[in-house]
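Okay, so here's the structure we're looking at.
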Amino acid sequence: MTHSGHILIVEDEAVTRTTLAGYFDKAGYRVTEVEDGAALWSALEAGPADLILLDIELPGEDGLSLLRQLRQTSEVAVIMVTGKTDDIDRILGLELGAHDYVTKPFNTRELLARAKNLIRLTRQVRESGTKASTRTFDGWVFNKNSRRLTSPRGEDVPLTRGEFDLLSALLSNPGRVLTRDSLLDHVSHRDWDPNDRTIDVLVGRLRRKIESDPKQPRFLVTVHGLGYVFTSNSREPA
Ligand code: CA
């Protein structure tokens, strides 16, 4: 079952907290309720949140101070919640990196709409970052940032550094013939002599990892006298 997201409510007033929790729960969110900063940190250790509703006036460390600490390591969506109509807190909260701000008593329907939008936006930003570094071909997923190659069956396929560099260069130029020389430029040739065979050896190794029949490659094709071409429609995931 999929939730619309995980919402972490940091609020010391039980009635407000329970009301908020009930409302978001009913709207299909997974909700965690905590009443102070210490509980916030333990909740985040247990798992990430898609949105934090952060009360400003809390016992112990206040919401602004918690937000400041949070922003040192996390870009999680935050809506500050306060009882005061004071502009100073609002401005400070936004400057410290809150995405939005609501004043009690708030309209729960409006808060839900804002929360929904914010979760959608932050997800888009996160996914576009992942998308830019990901290529897929025929069920395979190659992620440049995490340096992972995953087979259509979902298995991790370990790549040596040379194999990774080579595949990365080929996938960035789908359908284009790359000469051995230009491929050598992409491969960090730390461990071997920069001779032509290097690329051929790496291509052979890669084929054994990604081709169902390495002797009749479908993806990594030899163009005689020129070099190699990656023939699948490698693309950014839709
Ligand atoms: Ca409070």
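Here's how to read the names in the structure tokens: chain A, B, ... by the order shown, residue numbers from 1 in each chain, ligand numbers from 1 in the order shown.
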**OP:** Name each residue within 12 Å of ligand 1, counting only C-alpha atoms and all ligand atoms, as number ranges by chain.
**Re:** A: 9-17, 34-37, 53-63, 80-84, 103-104
**OP:** Using only C-alpha atoms, pick whichever of A:Gly97, A:Gly139, A:Pro158, A:Gly225 has the shortest atom-to-atom distance to Ser74 (chain A).
**Re:** A:Gly97
**OP:** Go through A:Gly47, A:Thr130, A:Arg153, A:Phe24 one by one, measure the shortest atom-to-atom distance of each to Glu110 (chain A) using only C-alpha atoms, and give the residue with the smallest value.
**Re:**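 Under the stated criterion, the closest residue is A:Phe24.
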Original post:
Out of region 19-140 of chain A, which residues get strand (DSSP E or B) from DSSP, as a PyMOL selection string?
Top reply: chain A and resi 30-34+51-55+77-82+100-103+134-137+140
Give me a file of those residues, with C-alpha atoms, as a PDB file, in the first residue's frame.
```pdb
ATOM      1  CA  ARG A  30       1.367   8.225   7.259  1.00  0.00           C
ATOM      2  CA  VAL A  31       1.707  10.372  10.355  1.00  0.00           C
ATOM      3  CA  THR A  32       4.243  10.431  13.161  1.00  0.00           C
ATOM      4  CA  GLU A  33       3.549  12.676  16.156  1.00  0.00           C
ATOM      5  CA  VAL A  34       6.279  13.983  18.419  1.00  0.00           C
ATOM      6  CA  LEU A  51       7.104  16.900   5.321  1.00  0.00           C
ATOM      7  CA  ILE A  52       7.671  18.233   8.816  1.00  0.00           C
ATOM      8  CA  LEU A  53       5.057  20.427  10.484  1.00  0.00           C
ATOM      9  CA  LEU A  54       7.159  22.265  12.998  1.00  0.00           C
ATOM     10  CA  ASP A  55       5.684  24.220  15.893  1.00  0.00           C
ATOM     11  CA  ALA A  77       9.928  20.087   3.301  1.00  0.00           C
ATOM     12  CA  VAL A  78       9.090  22.115   6.414  1.00  0.00           C
ATOM     13  CA  ILE A  79       5.996  24.127   7.286  1.00  0.00           C
ATOM     14  CA  MET A  80       6.422  26.217  10.408  1.00  0.00           C
ATOM     15  CA  VAL A  81       3.426  26.427  12.719  1.00  0.00           C
ATOM     16  CA  THR A  82       3.037  29.148  15.285  1.00  0.00           C
ATOM     17  CA  ASP A 100       5.888  27.702   4.300  1.00  0.00           C
ATOM     18  CA  TYR A 101       4.352  29.093   7.411  1.00  0.00           C
ATOM     19  CA  VAL A 102       0.943  28.870   9.068  1.00  0.00           C
ATOM     20  CA  THR A 103      -0.487  30.713  12.037  1.00  0.00           C
ATOM     21  CA  THR A 134      20.027   7.762 -14.595  1.00  0.00           C
ATOM     22  CA  ARG A 135      19.923   5.972 -17.943  1.00  0.00           C
ATOM     23  CA  THR A 136      17.809   2.997 -18.819  1.00  0.00           C
ATOM     24  CA  PHE A 137      18.082   0.494 -21.637  1.00  0.00           C
ATOM     25  CA  TRP A 140      18.542  -2.095 -17.257  1.00  0.00           C
TER      26      TRP A 140
END
```
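When only C-alpha atoms are used to measure the gap to Gly175 (chain A), the shortest distance among A:Ile210, A:Val157, A:Gln216, A:Val223 belongs to A:Val223.
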Name all residues at most 10 Å from Lys116 (chain A) (count only C-alpha atoms; drop same-chain ones fewer than 2 positions away) and give them as a compact mmCIF listing (two decimals) with C-alpha atoms, in the first residue's frame.
```txt
# COMPACT_ATOMS: atom_id res chain seq x y z
CA SER A 4 0.67 9.97 -0.03
CA GLY A 5 3.70 10.62 2.12
CA ALA A 27 -6.24 12.27 3.97
CA TYR A 29 -0.78 10.21 4.89
CA LEU A 51 7.10 16.90 5.32
CA GLU A 110 -5.85 25.00 3.47
CA LEU A 111 -2.97 23.45 5.40
CA LEU A 112 -3.65 20.11 3.72
CA ALA A 113 -3.64 21.74 0.28
CA ARG A 114 -0.35 23.48 0.99
CA LEU A 118 4.86 21.12 -1.08
CA ILE A 119 5.34 17.35 -0.99
CA ARG A 120 4.71 17.15 -4.73
CA LEU A 121 7.20 19.95 -5.45
```
**OP:** One decimal, Å: what's the distance from CA of Ser172 (chain A) over to CA of Thr122 (chain A), could you say?
**Re:** 26.9 Å
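Minimum distance to Gly204 (chain A) across A:Ser182, A:Ser42, A:Leu171, A:Gly162 (counting only C-alpha atoms) occurs at A:Gly162.
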Original post:
What's the 10 Å shell around Thr231 (chain A), counting only C-alpha atoms, without same-chain residues fewer than 6 positions away, as a VMD selection string?
Top reply: chain A and resid 137 170 to 171 173 to 177 217 to 221
Dump of N, CA, C and O atoms for the selected residues, as a PDB file, in the first residue's frame:
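Produced file part39.pdb, reproduced below:
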```pdb
ATOM      1  N   PHE A 137      18.132   1.147 -20.338  1.00  0.00           N
ATOM      2  CA  PHE A 137      18.082   0.494 -21.637  1.00  0.00           C
ATOM      3  C   PHE A 137      17.536  -0.903 -21.452  1.00  0.00           C
ATOM      4  O   PHE A 137      18.050  -1.683 -20.672  1.00  0.00           O
ATOM      5  N   LEU A 170      29.480   5.378 -23.250  1.00  0.00           N
ATOM      6  CA  LEU A 170      28.636   4.834 -24.321  1.00  0.00           C
ATOM      7  C   LEU A 170      27.175   5.252 -24.138  1.00  0.00           C
ATOM      8  O   LEU A 170      26.501   5.631 -25.093  1.00  0.00           O
ATOM      9  N   LEU A 171      26.689   5.191 -22.900  1.00  0.00           N
ATOM     10  CA  LEU A 171      25.284   5.518 -22.649  1.00  0.00           C
ATOM     11  C   LEU A 171      25.001   7.012 -22.818  1.00  0.00           C
ATOM     12  O   LEU A 171      23.874   7.408 -23.071  1.00  0.00           O
ATOM     13  N   ASN A 173      26.208   8.650 -25.186  1.00  0.00           N
ATOM     14  CA  ASN A 173      26.233   8.885 -26.638  1.00  0.00           C
ATOM     15  C   ASN A 173      25.512   7.766 -27.386  1.00  0.00           C
ATOM     16  O   ASN A 173      26.104   7.111 -28.244  1.00  0.00           O
ATOM     17  N   PRO A 174      24.250   7.519 -27.067  1.00  0.00           N
ATOM     18  CA  PRO A 174      23.587   6.385 -27.693  1.00  0.00           C
ATOM     19  C   PRO A 174      23.492   6.578 -29.202  1.00  0.00           C
ATOM     20  O   PRO A 174      23.240   7.682 -29.681  1.00  0.00           O
ATOM     21  N   GLY A 175      23.771   5.513 -29.942  1.00  0.00           N
ATOM     22  CA  GLY A 175      23.636   5.572 -31.391  1.00  0.00           C
ATOM     23  C   GLY A 175      24.803   6.244 -32.091  1.00  0.00           C
ATOM     24  O   GLY A 175      24.822   6.342 -33.309  1.00  0.00           O
ATOM     25  N   ARG A 176      25.776   6.706 -31.336  1.00  0.00           N
ATOM     26  CA  ARG A 176      26.942   7.367 -31.949  1.00  0.00           C
ATOM     27  C   ARG A 176      28.139   6.446 -31.886  1.00  0.00           C
ATOM     28  O   ARG A 176      28.435   5.879 -30.827  1.00  0.00           O
ATOM     29  N   VAL A 177      28.841   6.326 -32.995  1.00  0.00           N
ATOM     30  CA  VAL A 177      30.034   5.482 -32.992  1.00  0.00           C
ATOM     31  C   VAL A 177      31.149   6.216 -32.247  1.00  0.00           C
ATOM     32  O   VAL A 177      31.454   7.372 -32.550  1.00  0.00           O
ATOM     33  N   PRO A 217      26.304  -9.473 -29.661  1.00  0.00           N
ATOM     34  CA  PRO A 217      25.841  -8.378 -28.808  1.00  0.00           C
ATOM     35  C   PRO A 217      24.692  -7.583 -29.430  1.00  0.00           C
ATOM     36  O   PRO A 217      24.701  -7.308 -30.626  1.00  0.00           O
ATOM     37  N   ARG A 218      23.727  -7.260 -28.599  1.00  0.00           N
ATOM     38  CA  ARG A 218      22.603  -6.439 -29.045  1.00  0.00           C
ATOM     39  C   ARG A 218      22.840  -4.967 -28.705  1.00  0.00           C
ATOM     40  O   ARG A 218      22.380  -4.072 -29.397  1.00  0.00           O
ATOM     41  N   PHE A 219      23.507  -4.736 -27.604  1.00  0.00           N
ATOM     42  CA  PHE A 219      23.676  -3.354 -27.134  1.00  0.00           C
ATOM     43  C   PHE A 219      25.007  -2.757 -27.597  1.00  0.00           C
ATOM     44  O   PHE A 219      25.058  -1.699 -28.205  1.00  0.00           O
ATOM     45  N   LEU A 220      26.067  -3.478 -27.231  1.00  0.00           N
ATOM     46  CA  LEU A 220      27.395  -2.918 -27.414  1.00  0.00           C
ATOM     47  C   LEU A 220      28.000  -3.510 -28.685  1.00  0.00           C
ATOM     48  O   LEU A 220      28.621  -4.565 -28.660  1.00  0.00           O
ATOM     49  N   VAL A 221      27.775  -2.810 -29.781  1.00  0.00           N
ATOM     50  CA  VAL A 221      28.056  -3.367 -31.098  1.00  0.00           C
ATOM     51  C   VAL A 221      29.377  -2.825 -31.665  1.00  0.00           C
ATOM     52  O   VAL A 221      29.672  -1.628 -31.534  1.00  0.00           O
TER      53      VAL A 221
END
```
Original post:
By how many Å are CA of Glu45 (chain A) and CA of Asp25 (chain A) apart?
Top reply: 21.3 Å
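Distance-wise, CA of Ala39 (chain A) and CA of Glu127 (chain A) end up 28.6 Å apart.
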Original post:
DSSP says alpha helix (DSSP H) for which residues of region 19-236 of chain A? Put them as a PyMOL selection string?
Top reply: chain A and resi 19-26+37-46+63-70+87-95+108-132+161-172+180-186+197-210
Take the selection from the previous step and output its residues with C-alpha atoms, as a CSV table (one decimal), in the first residue's frame.
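The result, stored in part-v1.csv:
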```
chain,number,residue,atom,x,y,z
A,19,THR,CA,-6.3,17.1,15.5
A,20,LEU,CA,-3.6,17.6,12.9
A,21,ALA,CA,-2.6,14.0,13.0
A,22,GLY,CA,-6.2,12.8,12.6
A,23,TYR,CA,-6.7,15.1,9.7
A,24,PHE,CA,-3.6,14.1,7.7
A,25,ASP,CA,-4.2,10.4,8.6
A,26,LYS,CA,-7.7,10.6,7.1
A,37,GLY,CA,13.1,18.3,19.5
A,38,ALA,CA,14.6,15.1,21.1
A,39,ALA,CA,11.7,13.1,19.8
A,40,LEU,CA,12.0,14.7,16.4
A,41,TRP,CA,15.6,13.5,16.0
A,42,SER,CA,14.7,10.0,17.0
A,43,ALA,CA,11.8,9.9,14.6
A,44,LEU,CA,14.1,11.0,11.8
A,45,GLU,CA,16.6,8.4,12.7
A,46,ALA,CA,13.8,5.8,12.3
A,63,GLY,CA,11.2,25.3,16.4
A,64,LEU,CA,13.5,27.9,14.8
A,65,SER,CA,16.5,26.4,16.5
A,66,LEU,CA,15.5,22.9,15.4
A,67,LEU,CA,15.0,24.1,11.8
A,68,ARG,CA,18.5,25.6,11.8
A,69,GLN,CA,20.0,22.3,12.8
A,70,LEU,CA,17.8,20.3,10.4
A,87,ASP,CA,6.2,38.8,11.5
A,88,ILE,CA,9.7,38.3,13.0
A,89,ASP,CA,9.2,34.6,13.5
A,90,ARG,CA,7.7,34.2,10.1
A,91,ILE,CA,10.6,35.9,8.4
A,92,LEU,CA,13.2,34.2,10.5
A,93,GLY,CA,11.6,30.8,9.8
A,94,LEU,CA,11.6,31.4,6.0
A,95,GLU,CA,15.1,32.7,6.1
A,108,THR,CA,-6.9,22.6,8.1
A,109,ARG,CA,-8.2,22.3,4.6
A,110,GLU,CA,-5.8,25.0,3.5
A,111,LEU,CA,-3.0,23.4,5.4
A,112,LEU,CA,-3.7,20.1,3.7
A,113,ALA,CA,-3.6,21.7,0.3
A,114,ARG,CA,-0.4,23.5,1.0
A,115,ALA,CA,1.2,20.3,2.4
A,116,LYS,CA,0.1,18.3,-0.6
A,117,ASN,CA,1.7,20.9,-3.0
A,118,LEU,CA,4.9,21.1,-1.1
A,119,ILE,CA,5.3,17.3,-1.0
A,120,ARG,CA,4.7,17.2,-4.7
A,121,LEU,CA,7.2,20.0,-5.4
A,122,THR,CA,10.0,18.6,-3.3
A,123,ARG,CA,9.5,15.1,-4.8
A,124,GLN,CA,9.8,16.6,-8.3
A,125,VAL,CA,13.0,18.3,-7.4
A,126,ARG,CA,14.4,15.1,-5.9
A,127,GLU,CA,13.3,13.0,-8.8
A,128,SER,CA,14.7,15.3,-11.4
A,129,GLY,CA,18.1,15.1,-9.7
A,130,THR,CA,17.9,11.3,-9.8
A,131,LYS,CA,16.6,11.3,-13.4
A,132,ALA,CA,19.5,13.4,-14.8
A,161,ARG,CA,36.1,1.4,-12.6
A,162,GLY,CA,37.1,1.0,-16.2
A,163,GLU,CA,33.8,-0.8,-17.1
A,164,PHE,CA,31.9,1.9,-15.3
A,165,ASP,CA,33.7,4.7,-17.2
A,166,LEU,CA,33.2,2.9,-20.5
A,167,LEU,CA,29.5,2.2,-20.1
A,168,SER,CA,29.0,5.7,-18.9
A,169,ALA,CA,30.6,7.2,-22.0
A,170,LEU,CA,28.6,4.8,-24.3
A,171,LEU,CA,25.3,5.5,-22.6
A,172,SER,CA,25.8,9.3,-22.9
A,180,ARG,CA,38.8,3.5,-29.4
A,181,ASP,CA,40.7,6.7,-28.9
A,182,SER,CA,37.7,8.7,-27.7
A,183,LEU,CA,36.7,5.9,-25.4
A,184,LEU,CA,40.2,5.8,-23.9
A,185,ASP,CA,39.8,9.5,-23.1
A,186,HIS,CA,36.7,8.6,-20.9
A,197,ARG,CA,43.5,-3.4,-26.6
A,198,THR,CA,42.4,-1.8,-23.4
A,199,ILE,CA,39.0,-0.8,-24.8
A,200,ASP,CA,38.5,-4.1,-26.5
A,201,VAL,CA,39.2,-6.0,-23.3
A,202,LEU,CA,36.8,-3.8,-21.4
A,203,VAL,CA,34.1,-4.1,-24.0
A,204,GLY,CA,34.5,-7.9,-23.8
A,205,ARG,CA,34.0,-7.8,-20.1
A,206,LEU,CA,31.0,-5.5,-20.2
A,207,ARG,CA,29.4,-7.6,-22.8
A,208,ARG,CA,29.7,-10.7,-20.6
A,209,LYS,CA,27.8,-8.6,-17.9
A,210,ILE,CA,25.0,-7.1,-20.0
```
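Omitting Asp156 (chain A) and its sequence neighbours fewer than 4 positions away, and counting only C-alpha atoms, the residues within 12 Å are Trp140, Val141, Phe142, Asn143, Ser146, Arg147, Arg148, Leu149, Thr150, Ser151, Pro152, Lys209 and Ile210 of chain A.
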